[in-house]
file final-v8.tsv (TSV, C-alpha atoms and all ligand atoms)
chain	number	residue	atom	x	y	z
R	1291	MET	CA	201.23	57.04	83.40
R	1292	ASN	CA	199.20	59.79	85.04
R	1293	GLU	CA	197.34	58.15	87.91
R	1294	GLY	CA	195.62	61.34	89.04
R	1295	GLU	CA	196.20	64.09	91.51
R	1296	VAL	CA	196.76	63.93	95.24
R	1297	ILE	CA	195.91	66.58	97.80
R	1298	ALA	CA	197.54	66.48	101.24
R	1299	PHE	CA	196.53	68.52	104.30
R	1300	SER	CA	199.52	69.24	106.46
R	1301	GLY	CA	200.77	71.09	109.51
R	1302	GLY	CA	204.21	70.96	111.14
R	1303	VAL	CA	206.89	68.33	111.24
R	1304	GLY	CA	204.82	65.09	110.84
R	1305	GLY	CA	202.93	66.51	107.89
R	1306	ALA	CA	206.09	67.84	106.32
R	1307	LYS	CA	207.71	64.39	106.54
R	1308	LEU	CA	204.84	62.59	104.80
R	1309	SER	CA	204.61	65.41	102.24
R	1310	LYS	CA	208.28	64.87	101.49
R	1311	GLY	CA	207.64	61.13	100.99
R	1312	LEU	CA	204.67	61.86	98.72
R	1313	SER	CA	206.69	64.37	96.70
R	1314	GLU	CA	209.33	61.70	96.09
R	1315	VAL	CA	207.02	58.89	95.02
R	1316	LEU	CA	204.64	61.01	92.93
R	1317	ASP	CA	205.09	63.17	89.88
R	1318	ALA	CA	205.57	66.68	91.29
R	1319	LYS	CA	202.79	68.06	89.07
R	1320	ASP	CA	200.32	65.66	90.69
R	1321	ILE	CA	200.67	66.84	94.29
R	1322	THR	CA	199.11	69.80	96.07
R	1323	ILE	CA	200.08	70.29	99.70
R	1324	VAL	CA	197.65	72.48	101.63
R	1325	VAL	CA	199.35	73.90	104.70
R	1326	ASN	CA	197.97	75.26	107.96
R	1327	THR	CA	198.48	79.00	108.41
R	1328	GLY	CA	196.76	79.31	111.80
R	1329	ASP	CA	200.20	79.35	113.48
R	1330	ASP	CA	201.37	82.35	111.40
R	1331	PHE	CA	202.16	85.57	113.19
R	1332	ASP	CA	203.97	88.87	112.87
R	1333	HIS	CA	207.15	89.20	114.89
R	1334	LEU	CA	209.72	92.02	114.75
R	1335	GLY	CA	207.87	93.35	111.72
R	1336	LEU	CA	208.29	90.04	109.87
R	1337	ARG	CA	205.63	87.53	108.84
R	1338	ILE	CA	206.49	84.08	110.19
R	1339	CYS	CA	204.68	81.09	108.65
R	1340	PRO	CA	206.06	78.14	110.64
R	1341	ASP	CA	204.16	75.30	108.97
R	1342	ILE	CA	204.71	76.59	105.44
R	1343	ASP	CA	208.41	76.94	106.18
R	1344	SER	CA	208.64	73.45	107.74
R	1345	THR	CA	207.11	72.11	104.52
R	1346	LEU	CA	209.38	74.18	102.27
R	1347	TYR	CA	212.51	73.16	104.16
R	1348	ALA	CA	211.50	69.48	104.31
R	1349	LEU	CA	210.81	69.29	100.58
R	1350	ALA	CA	214.01	71.17	99.79
R	1351	GLY	CA	216.01	68.85	102.06
R	1352	LEU	CA	216.96	71.82	104.26
R	1353	ASP	CA	214.98	70.88	107.40
R	1354	ASP	CA	216.57	70.33	110.79
R	1355	PRO	CA	215.71	66.75	111.72
R	1356	VAL	CA	216.32	67.28	115.45
R	1357	ARG	CA	214.56	70.58	116.20
R	1358	GLY	CA	211.76	69.92	113.70
R	1359	TRP	CA	211.55	73.59	112.71
R	1360	GLY	CA	213.89	75.98	110.95
R	1361	ARG	CA	216.84	75.06	108.76
R	1362	ARG	CA	219.59	72.53	109.36
R	1363	ASP	CA	223.18	73.68	109.97
R	1364	GLU	CA	221.74	76.97	111.16
R	1365	THR	CA	223.81	79.77	112.74
R	1366	TRP	CA	222.48	82.24	115.31
R	1367	THR	CA	224.44	85.49	114.90
R	1368	PHE	CA	221.23	87.47	114.35
R	1369	MET	CA	219.74	86.24	117.64
R	1370	SER	CA	222.92	87.09	119.59
R	1371	ALA	CA	222.99	90.59	118.12
R	1372	LEU	CA	219.26	91.01	118.78
R	1373	LYS	CA	219.61	90.09	122.44
R	1374	GLN	CA	222.50	92.54	122.80
R	1375	LEU	CA	220.05	95.24	121.72
R	1376	ASN	CA	217.52	94.13	124.36
R	1377	ALA	CA	215.07	93.23	121.60
R	1378	PRO	CA	212.53	90.45	122.14
R	1379	GLY	CA	214.48	87.20	121.96
R	1380	TRP	CA	211.89	84.59	122.94
R	1381	PHE	CA	211.30	83.43	119.36
R	1382	ASN	CA	214.41	82.05	117.71
R	1383	LEU	CA	215.16	83.06	114.15
R	1384	GLY	CA	218.24	81.42	112.69
R	1385	ASP	CA	220.34	83.38	110.23
R	1386	GLY	CA	219.33	81.32	107.19
R	1387	ASP	CA	215.69	81.14	108.27
R	1388	LEU	CA	215.68	84.93	108.72
R	1389	ALA	CA	216.24	85.32	104.97
R	1390	THR	CA	212.97	83.45	104.33
R	1391	HIS	CA	211.02	85.77	106.64
R	1392	VAL	CA	212.58	88.91	105.16
R	1393	GLU	CA	211.94	87.74	101.59
R	1394	ARG	CA	208.34	86.86	102.46
R	1395	SER	CA	207.66	90.03	104.41
R	1396	TRP	CA	208.77	92.59	101.82
R	1397	ARG	CA	206.83	90.77	99.11
R	1398	LEU	CA	203.68	90.74	101.28
R	1399	HIS	CA	204.29	94.41	101.98
R	1400	GLU	CA	204.37	95.06	98.23
R	1401	GLY	CA	200.93	93.45	97.93
R	1402	GLN	CA	201.72	89.87	96.94
R	1403	SER	CA	199.59	87.14	98.49
R	1404	VAL	CA	200.84	84.44	100.86
R	1405	SER	CA	200.26	81.93	98.01
R	1406	ASP	CA	202.31	83.98	95.53
R	1407	VAL	CA	205.16	84.27	97.99
R	1408	THR	CA	205.01	80.61	98.98
R	1409	ARG	CA	205.19	79.56	95.31
R	1410	HIS	CA	208.10	81.95	94.76
R	1411	LEU	CA	209.96	80.53	97.77
R	1412	ALA	CA	209.24	76.95	96.68
R	1413	ARG	CA	210.53	77.51	93.14
R	1414	SER	CA	213.60	79.33	94.49
R	1415	LEU	CA	214.37	76.33	96.69
R	1416	GLY	CA	213.98	73.93	93.75
R	1417	ILE	CA	210.65	72.42	94.88
R	1418	SER	CA	208.32	71.27	92.09
R	1419	ALA	CA	205.34	70.12	94.18
R	1420	ASP	CA	202.65	72.75	94.71
R	1421	ILE	CA	202.69	74.03	98.30
R	1422	ILE	CA	199.77	76.34	99.05
R	1423	PRO	CA	198.55	78.05	102.22
R	1424	MET	CA	195.10	76.86	103.30
R	1425	THR	CA	193.87	80.41	102.60
R	1426	ASP	CA	195.20	83.83	101.64
R	1427	ASP	CA	192.91	85.35	104.26
R	1428	THR	CA	193.99	85.82	107.85
R	1429	VAL	CA	193.18	82.95	110.21
R	1430	ARG	CA	194.87	82.94	113.61
R	1431	THR	CA	194.89	80.14	116.15
R	1432	ARG	CA	194.36	81.27	119.74
R	1433	VAL	CA	194.14	79.23	122.91
R	1434	ARG	CA	192.33	79.90	126.18
R	1435	THR	CA	194.18	79.20	129.40
R	1436	SER	CA	193.29	80.16	132.97
R	1437	ASP	CA	194.69	83.64	132.11
R	1438	GLY	CA	192.33	84.10	129.15
R	1439	TRP	CA	192.88	83.99	125.38
R	1440	ILE	CA	196.45	84.15	124.05
R	1441	ASP	CA	198.07	83.98	120.61
R	1442	PHE	CA	199.28	80.58	119.55
R	1443	GLN	CA	203.01	81.32	119.39
R	1444	SER	CA	202.98	83.03	122.81
R	1445	TYR	CA	201.55	79.78	124.17
R	1446	PHE	CA	203.61	77.38	122.05
R	1447	VAL	CA	207.04	78.96	122.12
R	1448	GLY	CA	206.73	81.70	124.76
R	1449	MET	CA	205.16	79.42	127.38
R	1450	ARG	CA	206.53	76.12	125.99
R	1451	CYS	CA	202.97	74.70	125.88
R	1452	GLU	CA	202.97	74.56	129.69
R	1453	PRO	CA	199.58	76.16	130.55
R	1454	VAL	CA	196.53	73.91	130.44
R	1455	ILE	CA	194.41	74.65	127.36
R	1456	GLU	CA	190.69	75.12	128.03
R	1457	ALA	CA	189.63	75.96	124.48
R	1458	ILE	CA	191.04	76.64	121.00
R	1459	GLU	CA	189.71	79.08	118.40
R	1460	PHE	CA	190.65	79.89	114.81
R	1461	GLN	CA	189.97	83.58	114.48
R	1462	GLY	CA	188.77	84.46	111.00
R	1463	ALA	CA	188.21	80.86	109.85
R	1464	ALA	CA	184.43	81.12	109.55
R	1465	ASP	CA	184.73	83.85	106.90
R	1466	ALA	CA	188.01	82.80	105.28
R	1467	ARG	CA	188.01	81.65	101.65
R	1468	PRO	CA	189.95	78.42	101.26
R	1469	HIS	CA	192.67	78.48	98.62
R	1470	PRO	CA	190.81	77.97	95.30
R	1471	ASP	CA	193.28	75.33	94.12
R	1472	ALA	CA	192.50	73.22	97.18
R	1473	LEU	CA	188.77	73.41	96.49
R	1474	ALA	CA	189.32	72.68	92.79
R	1475	ALA	CA	191.43	69.62	93.60
R	1476	LEU	CA	188.90	68.28	96.12
R	1477	ARG	CA	186.05	68.75	93.64
R	1478	GLY	CA	187.95	67.60	90.54
R	1479	GLU	CA	187.46	64.37	88.63
R	1480	ALA	CA	191.21	63.78	88.50
R	1481	LEU	CA	191.67	63.41	92.26
R	1482	ARG	CA	193.19	60.09	93.29
R	1483	ALA	CA	193.39	60.65	97.06
R	1484	ALA	CA	192.80	63.28	99.74
R	1485	ILE	CA	195.29	62.70	102.51
R	1486	ILE	CA	195.28	64.10	106.04
R	1487	CYS	CA	198.91	63.93	107.13
R	1488	PRO	CA	199.99	62.82	110.62
R	1489	SER	CA	199.76	66.35	111.98
R	1490	ASN	CA	198.17	67.53	115.21
R	1491	PRO	CA	194.41	67.19	114.56
R	1492	LEU	CA	193.49	69.98	116.99
R	1493	LEU	CA	196.16	72.54	116.12
R	1494	SER	CA	197.25	71.80	112.55
R	1495	ILE	CA	194.35	70.14	110.72
R	1496	ASP	CA	191.43	71.76	112.53
R	1497	PRO	CA	192.30	75.30	111.37
R	1498	ILE	CA	192.13	74.03	107.77
R	1499	LEU	CA	188.81	72.28	108.33
R	1500	ALA	CA	187.43	75.18	110.37
R	1501	MET	CA	186.85	76.97	107.06
R	1502	PRO	CA	183.31	75.81	106.25
R	1503	GLU	CA	183.85	75.56	102.50
R	1504	MET	CA	186.98	73.42	102.92
R	1505	ARG	CA	185.27	71.07	105.38
R	1506	GLN	CA	182.28	70.72	103.08
R	1507	ALA	CA	184.52	70.04	100.06
R	1508	LEU	CA	186.36	67.28	101.94
R	1509	PHE	CA	183.06	65.91	103.20
R	1510	ALA	CA	181.70	65.74	99.64
R	1511	CYS	CA	184.97	64.60	98.02
R	1512	ARG	CA	184.47	61.49	95.87
R	1513	ALA	CA	188.09	60.33	95.86
R	1514	PRO	CA	189.34	58.08	98.69
R	1515	ARG	CA	190.02	60.16	101.81
R	1516	ILE	CA	192.68	58.84	104.11
R	1517	ALA	CA	194.27	60.04	107.36
R	1518	VAL	CA	197.45	58.92	109.07
R	1519	SER	CA	197.49	58.86	112.88
R	1520	PRO	CA	199.91	61.30	114.54
R	1521	ILE	CA	199.48	59.34	117.78
R	1522	ILE	CA	201.36	56.09	118.42
R	1523	ALA	CA	200.58	54.10	121.56
R	1524	GLY	CA	198.99	57.10	123.26
R	1525	LYS	CA	201.89	59.47	122.54
R	1526	ALA	CA	202.44	62.11	119.90
R	1527	VAL	CA	205.51	61.42	117.78
R	1528	LYS	CA	206.47	65.08	118.35
R	1529	GLY	CA	204.74	68.05	119.91
R	1530	PRO	CA	201.92	68.57	122.38
R	1531	ALA	CA	199.06	66.71	120.61
R	1532	ALA	CA	198.58	64.10	123.36
R	1533	LYS	CA	198.80	66.70	126.17
R	1534	ILE	CA	196.26	68.98	124.50
R	1535	MET	CA	193.87	66.16	123.64
R	1536	ALA	CA	193.86	65.11	127.31
R	1537	GLU	CA	193.33	68.71	128.45
R	1538	LEU	CA	190.32	69.01	126.16
R	1539	GLY	CA	188.76	65.83	127.53
R	1540	MET	CA	189.80	63.43	124.77
R	1541	VAL	CA	191.68	60.21	125.38
R	1542	PRO	CA	195.02	60.71	123.62
R	1543	SER	CA	194.85	57.70	121.32
R	1544	ALA	CA	194.75	56.72	117.65
R	1545	SER	CA	191.10	55.75	118.23
R	1546	ALA	CA	190.23	59.26	119.35
R	1547	VAL	CA	191.89	60.77	116.27
R	1548	ALA	CA	189.93	58.40	114.01
R	1549	GLN	CA	186.74	59.37	115.83
R	1550	TYR	CA	187.59	63.03	115.39
R	1551	TYR	CA	187.76	62.57	111.60
R	1552	GLU	CA	184.56	60.52	111.40
R	1553	GLY	CA	182.59	61.42	108.25
R	1554	LEU	CA	185.62	63.13	106.69
R	1555	ILE	CA	187.76	60.08	105.94
R	1556	ASP	CA	187.27	56.59	104.53
R	1557	ILE	CA	190.55	55.02	105.63
R	1558	PHE	CA	192.64	55.44	108.77
R	1559	VAL	CA	196.29	54.43	108.81
R	1560	LEU	CA	197.47	53.58	112.29
R	1561	ASP	CA	200.66	52.24	113.73
R	1562	GLU	CA	201.32	48.56	114.43
R	1563	ALA	CA	201.34	49.48	118.13
R	1564	ASP	CA	197.65	50.44	117.80
R	1565	ALA	CA	196.64	47.61	115.43
R	1566	ASP	CA	193.52	46.72	117.44
R	1567	ALA	CA	192.32	50.28	118.15
R	1568	LYS	CA	188.57	50.75	117.80
R	1569	LEU	CA	187.57	52.72	114.70
R	1570	PRO	CA	184.19	54.25	113.82
R	1571	THR	CA	181.87	51.91	111.93
R	1572	GLY	CA	182.60	51.85	108.21
R	1573	MET	CA	186.08	53.38	108.49
R	1574	GLN	CA	188.70	51.11	106.91
R	1575	ARG	CA	191.86	50.29	108.82
R	1576	VAL	CA	195.37	50.08	107.45
R	1577	VAL	CA	198.03	49.01	109.94
R	1578	ALA	CA	201.58	50.08	109.15
R	1579	SER	CA	204.79	51.22	110.73
R	1580	THR	CA	204.05	54.96	110.79
R	1581	LEU	CA	207.22	56.32	112.42
R	1582	MET	CA	209.20	58.26	109.80
R	1583	GLN	CA	212.83	58.29	110.89
R	1584	ASP	CA	214.58	58.41	107.54
R	1585	ALA	CA	213.94	59.16	103.88
R	1586	GLU	CA	212.96	55.58	103.06
R	1587	ASP	CA	210.39	55.55	105.93
R	1588	LYS	CA	208.75	58.63	104.41
R	1589	ARG	CA	208.56	57.08	100.94
R	1590	ARG	CA	207.34	53.75	102.33
R	1591	LEU	CA	204.50	55.37	104.28
R	1592	ALA	CA	203.61	57.49	101.25
R	1593	ARG	CA	203.38	54.34	99.09
R	1594	ILE	CA	201.22	52.58	101.72
R	1595	VAL	CA	198.81	55.53	101.85
R	1596	LEU	CA	198.57	55.73	98.04
R	1597	ALA	CA	198.11	51.95	97.70
R	1598	ALA	CA	195.29	51.99	100.27
R	1599	ALA	CA	193.57	54.80	98.34
R	1600	ALA	CA	194.02	52.90	95.05
R	1601	ASP	CA	192.57	49.70	96.56
R	1602	LEU	CA	189.51	51.58	97.77
R	1603	ALA	CA	189.04	53.30	94.40
R	1604	ARG	CA	189.26	49.91	92.63
R	1605	ALA	CA	186.77	48.34	95.05
R	1606	ALA	CA	184.33	51.20	94.44
R	1607	ARG	CA	184.42	50.81	90.64
U	1701	LIG	N1	209.57	76.57	118.05
U	1701	LIG	C1	210.12	76.64	119.29
U	1701	LIG	O1	209.81	75.78	120.12
U	1701	LIG	N2	210.99	77.66	119.63
U	1701	LIG	C2	211.36	78.61	118.73
U	1701	LIG	O2	212.12	79.50	119.07
U	1701	LIG	C3	210.82	78.53	117.40
U	1701	LIG	C4	211.20	79.41	116.41
U	1701	LIG	C5	210.71	79.26	115.12
U	1701	LIG	C6	211.13	80.10	114.09
U	1701	LIG	C7	210.65	79.94	112.80
U	1701	LIG	C8	209.74	78.93	112.53
U	1701	LIG	O3	209.27	78.77	111.28
U	1701	LIG	C9	209.31	78.07	113.53
U	1701	LIG	C10	209.78	78.22	114.83
U	1701	LIG	N3	209.38	77.36	115.86
U	1701	LIG	C11	209.91	77.47	117.11
U	1701	LIG	C12	208.41	76.31	115.62
U	1701	LIG	C13	206.97	76.75	115.58
U	1701	LIG	O4	206.67	77.87	116.27
U	1701	LIG	C14	206.01	75.62	115.95
U	1701	LIG	O5	206.63	74.39	115.94
U	1701	LIG	C15	204.91	75.51	114.98
U	1701	LIG	O6	204.11	76.67	114.92
U	1701	LIG	C16	204.00	74.33	115.35
U	1701	LIG	O7	203.66	73.70	114.18

call {"tool": "encode", "arguments": {"input": "final-v8.tsv", "output": "structure tokens"}}
result
Amino acid sequence: MNEGEVIAFSGGVGGAKLSKGLSEVLDAKDITIVVNTGDDFDHLGLRICPDIDSTLYALAGLDDPVRGWGRRDETWTFMSALKQLNAPGWFNLGDGDLATHVERSWRLHEGQSVSDVTRHLARSLGISADIIPMTDDTVRTRVRTSDGWIDFQSYFVGMRCEPVIEAIEFQGAADARPHPDALAALRGEALRAAIICPSNPLLSIDPILAMPEMRQALFACRAPRIAVSPIIAGKAVKGPAAKIMAELGMVPSASAVAQYYEGLIDIFVLDEADADAKLPTGMQRVVASTLMQDAEDKRRLARIVLAAAADLARAAR
């Protein structure tokens, strides 16, 4: 039975894990995963799209569960050779991962779009779900530290997220056109749920919602809208979300994430550790075990999210 389509907004590792769960419990044709491209950058003449690649590798079962980026069972001959040549070695490209960047870069160079290339990579890796970049236009995340504005990857990888962030911007977002399939899904009658994955709200989801048309489409979306907290008991499951929230004057908590999404979501899924967290008036609460450590955890959380959306849709009828 076709129960309708699902759209998921995703960033790095947390989003990729829930997307994997969704892709396993849903019919592949029913899921569109909209991925942050604010982290993308050009390095050594190659286009690197970290969040798209995390999603591709997770759905293909090729992800490295420990690092959270790149491919599992990776080898590093390219990096060793690169360093021998005194080339920039601060950003690590594994040998298998390098093939993805080369394949993407020459296709972009020939005039294909990021969406075309992402779909080609997904099909080549045997992925049936639709993975799309949030836009084919250029949006770049930059952060301001005491030394001024810097590119996201210089901060994230080059400086290991150590400097205090004073502000974040998404260059190009105001004029970027969201991927048309994302807008069509959000506006369509067939949508069963719009899901914000447990990704960093400030670095992974905000670039997507910084495009005015995308934000407006989610705001106006008539299907149940549901977010999963990336914060458990005041800590990010992975990455600098809690540190950055604190630096920008937010309390790093599930409550603060819910507050951040006020008006954009109907349901907030938060961990059992945060069961009593205060939520904005009118926002429904679903308490669950949100840590995704294995494949079954990912499917279980995906089913919980879809069931919550179905309950709300039933109640609204
Ligand atoms: N993260 C690191 O901390 N160090 C790296 O050397 C690194 C290399 C890298 C290569 C390809 C790729 O797709 C991702 C990579 N990442 C690395 C992760 C990435 O920069 C960030 O985790 C994301 O941008 C945040 O979502």

call {"tool": "residues_near_ligand", "arguments": {"input": "final-v8.tsv", "ligand": "ligand LIG 1701 (chain U)", "cutoff": "6 Å", "atoms": "only C-alpha atoms and all ligand atoms", "output": "list in words"}}
result
Gly1302, Asp1329, Cys1339, Pro1340, Asp1341, Asp1343, Trp1359, Gly1360, Phe1381, Asn1382, Leu1383, Gln1443 and Val1447 of chain R

call {"tool": "write_last_selection", "arguments": {"input": "final-v8.tsv", "atoms": "C-alpha atoms", "output": "mmCIF file, keeping the file's coordinate frame"}}
result
data_model
loop_
_atom_site.group_PDB
_atom_site.id
_atom_site.type_symbol
_atom_site.label_atom_id
_atom_site.label_comp_id
_atom_site.auth_asym_id
_atom_site.auth_seq_id
_atom_site.Cartn_x
_atom_site.Cartn_y
_atom_site.Cartn_z
ATOM 1 C CA GLY R 1302 204.210 70.960 111.140
ATOM 2 C CA ASP R 1329 200.200 79.350 113.480
ATOM 3 C CA CYS R 1339 204.680 81.090 108.650
ATOM 4 C CA PRO R 1340 206.060 78.140 110.640
ATOM 5 C CA ASP R 1341 204.160 75.300 108.970
ATOM 6 C CA ASP R 1343 208.410 76.940 106.180
ATOM 7 C CA TRP R 1359 211.550 73.590 112.710
ATOM 8 C CA GLY R 1360 213.890 75.980 110.950
ATOM 9 C CA PHE R 1381 211.300 83.430 119.360
ATOM 10 C CA ASN R 1382 214.410 82.050 117.710
ATOM 11 C CA LEU R 1383 215.160 83.060 114.150
ATOM 12 C CA GLN R 1443 203.010 81.320 119.390
ATOM 13 C CA VAL R 1447 207.040 78.960 122.120
#

call {"tool": "closest_residue", "arguments": {"input": "final-v8.tsv", "among": "R:Leu1349, R:Leu1473, R:Trp1439, R:Asp1385", "to": "R:Leu1415", "atoms": "only C-alpha atoms"}}
result
R:Leu1349

call {"tool": "residues_near_point", "arguments": {"input": "final-v8.tsv", "point": "(196.8, 64.0, 108.6)", "cutoff": "10 Å", "atoms": "all atoms listed in the file", "output": "CSV table (one decimal) with C-alpha atoms, in the coordinates of the input"}}
result
chain,number,residue,atom,x,y,z
R,1298,ALA,CA,197.5,66.5,101.2
R,1299,PHE,CA,196.5,68.5,104.3
R,1300,SER,CA,199.5,69.2,106.5
R,1301,GLY,CA,200.8,71.1,109.5
R,1304,GLY,CA,204.8,65.1,110.8
R,1305,GLY,CA,202.9,66.5,107.9
R,1308,LEU,CA,204.8,62.6,104.8
R,1484,ALA,CA,192.8,63.3,99.7
R,1485,ILE,CA,195.3,62.7,102.5
R,1486,ILE,CA,195.3,64.1,106.0
R,1487,CYS,CA,198.9,63.9,107.1
R,1488,PRO,CA,200.0,62.8,110.6
R,1489,SER,CA,199.8,66.4,112.0
R,1490,ASN,CA,198.2,67.5,115.2
R,1491,PRO,CA,194.4,67.2,114.6
R,1494,SER,CA,197.2,71.8,112.6
R,1495,ILE,CA,194.4,70.1,110.7
R,1516,ILE,CA,192.7,58.8,104.1
R,1517,ALA,CA,194.3,60.0,107.4
R,1518,VAL,CA,197.4,58.9,109.1
R,1519,SER,CA,197.5,58.9,112.9
R,1520,PRO,CA,199.9,61.3,114.5
R,1547,VAL,CA,191.9,60.8,116.3
R,1551,TYR,CA,187.8,62.6,111.6
R,1558,PHE,CA,192.6,55.4,108.8
R,1559,VAL,CA,196.3,54.4,108.8

call {"tool": "residues_near_point", "arguments": {"input": "final-v8.tsv", "point": "(191.8, 84.4, 115.3)", "cutoff": "8 Å", "atoms": "all atoms listed in the file", "output": "list in words"}}
result
Gly1328, Thr1428, Val1429, Arg1430, Thr1431, Arg1432, Glu1459, Phe1460, Gln1461, Gly1462 and Ala1463 of chain R

call {"tool": "write_last_selection", "arguments": {"input": "final-v8.tsv", "atoms": "C-alpha atoms", "output": "PDB file, keeping the file's coordinate frame"}}
result
ATOM      1  CA  GLY R1328     196.760  79.310 111.800  1.00  0.00           C
ATOM      2  CA  THR R1428     193.990  85.820 107.850  1.00  0.00           C
ATOM      3  CA  VAL R1429     193.180  82.950 110.210  1.00  0.00           C
ATOM      4  CA  ARG R1430     194.870  82.940 113.610  1.00  0.00           C
ATOM      5  CA  THR R1431     194.890  80.140 116.150  1.00  0.00           C
ATOM      6  CA  ARG R1432     194.360  81.270 119.740  1.00  0.00           C
ATOM      7  CA  GLU R1459     189.710  79.080 118.400  1.00  0.00           C
ATOM      8  CA  PHE R1460     190.650  79.890 114.810  1.00  0.00           C
ATOM      9  CA  GLN R1461     189.970  83.580 114.480  1.00  0.00           C
ATOM     10  CA  GLY R1462     188.770  84.460 111.000  1.00  0.00           C
ATOM     11  CA  ALA R1463     188.210  80.860 109.850  1.00  0.00           C
TER      12      ALA R1463
END

call {"tool": "closest_residue", "arguments": {"input": "final-v8.tsv", "among": "R:Val1404, R:Ala1419, R:Val1454, R:Leu1596", "to": "R:Ala1350", "atoms": "all atoms listed in the file"}}
result
R:Ala1419

call {"tool": "closest_residue", "arguments": {"input": "final-v8.tsv", "among": "R:Phe1331, R:Gly1524, R:Asp1465, R:Glu1293", "to": "R:Phe1442", "atoms": "all atoms listed in the file"}}
result
R:Phe1331

call {"tool": "closest_residue", "arguments": {"input": "final-v8.tsv", "among": "R:Met1535, R:Ala1480, R:Met1501, R:Ala1318", "to": "R:Ile1455", "atoms": "all atoms listed in the file"}}
result
R:Met1535

call {"tool": "closest_residue", "arguments": {"input": "final-v8.tsv", "among": "R:Gln1506, R:Leu1316, R:Ser1436, R:Asp1564", "to": "R:Val1595", "atoms": "all atoms listed in the file"}}
result
R:Leu1316

call {"tool": "residues_around", "arguments": {"input": "final-v8.tsv", "residues": "stretch 1599-1606 of chain R", "least_positions_apart": "6", "cutoff": "12 Å", "atoms": "all atoms listed in the file", "output": "number ranges by chain"}}
result
R: 1293-1296, 1481-1485, 1512-1517, 1555-1559, 1573-1576, 1592-1593

call {"tool": "closest_residue", "arguments": {"input": "final-v8.tsv", "among": "R:Glu1456, R:Arg1397, R:Val1324, R:Arg1413", "to": "R:Gly1539", "atoms": "all atoms listed in the file"}}
result
R:Glu1456

call {"tool": "atom_distance", "arguments": {"input": "final-v8.tsv", "atom1": "atom CA of R:His1469", "atom2": "atom CA of R:Thr1408"}}
result
12.5 Å

call {"tool": "atom_distance", "arguments": {"input": "final-v8.tsv", "atom1": "atom CA of R:Ala1546", "atom2": "atom CA of R:Ile1458"}}
result
17.5 Å

call {"tool": "atom_distance", "arguments": {"input": "final-v8.tsv", "atom1": "atom CA of R:Ser1545", "atom2": "atom CA of R:Ala1526"}}
result
13.1 Å

call {"tool": "residues_around", "arguments": {"input": "final-v8.tsv", "residues": "R:Ala1578", "least_positions_apart": "2", "cutoff": "6 Å", "atoms": "only C-alpha atoms", "output": "list in words"}}
result
Asp1561, Glu1562 and Thr1580 of chain R
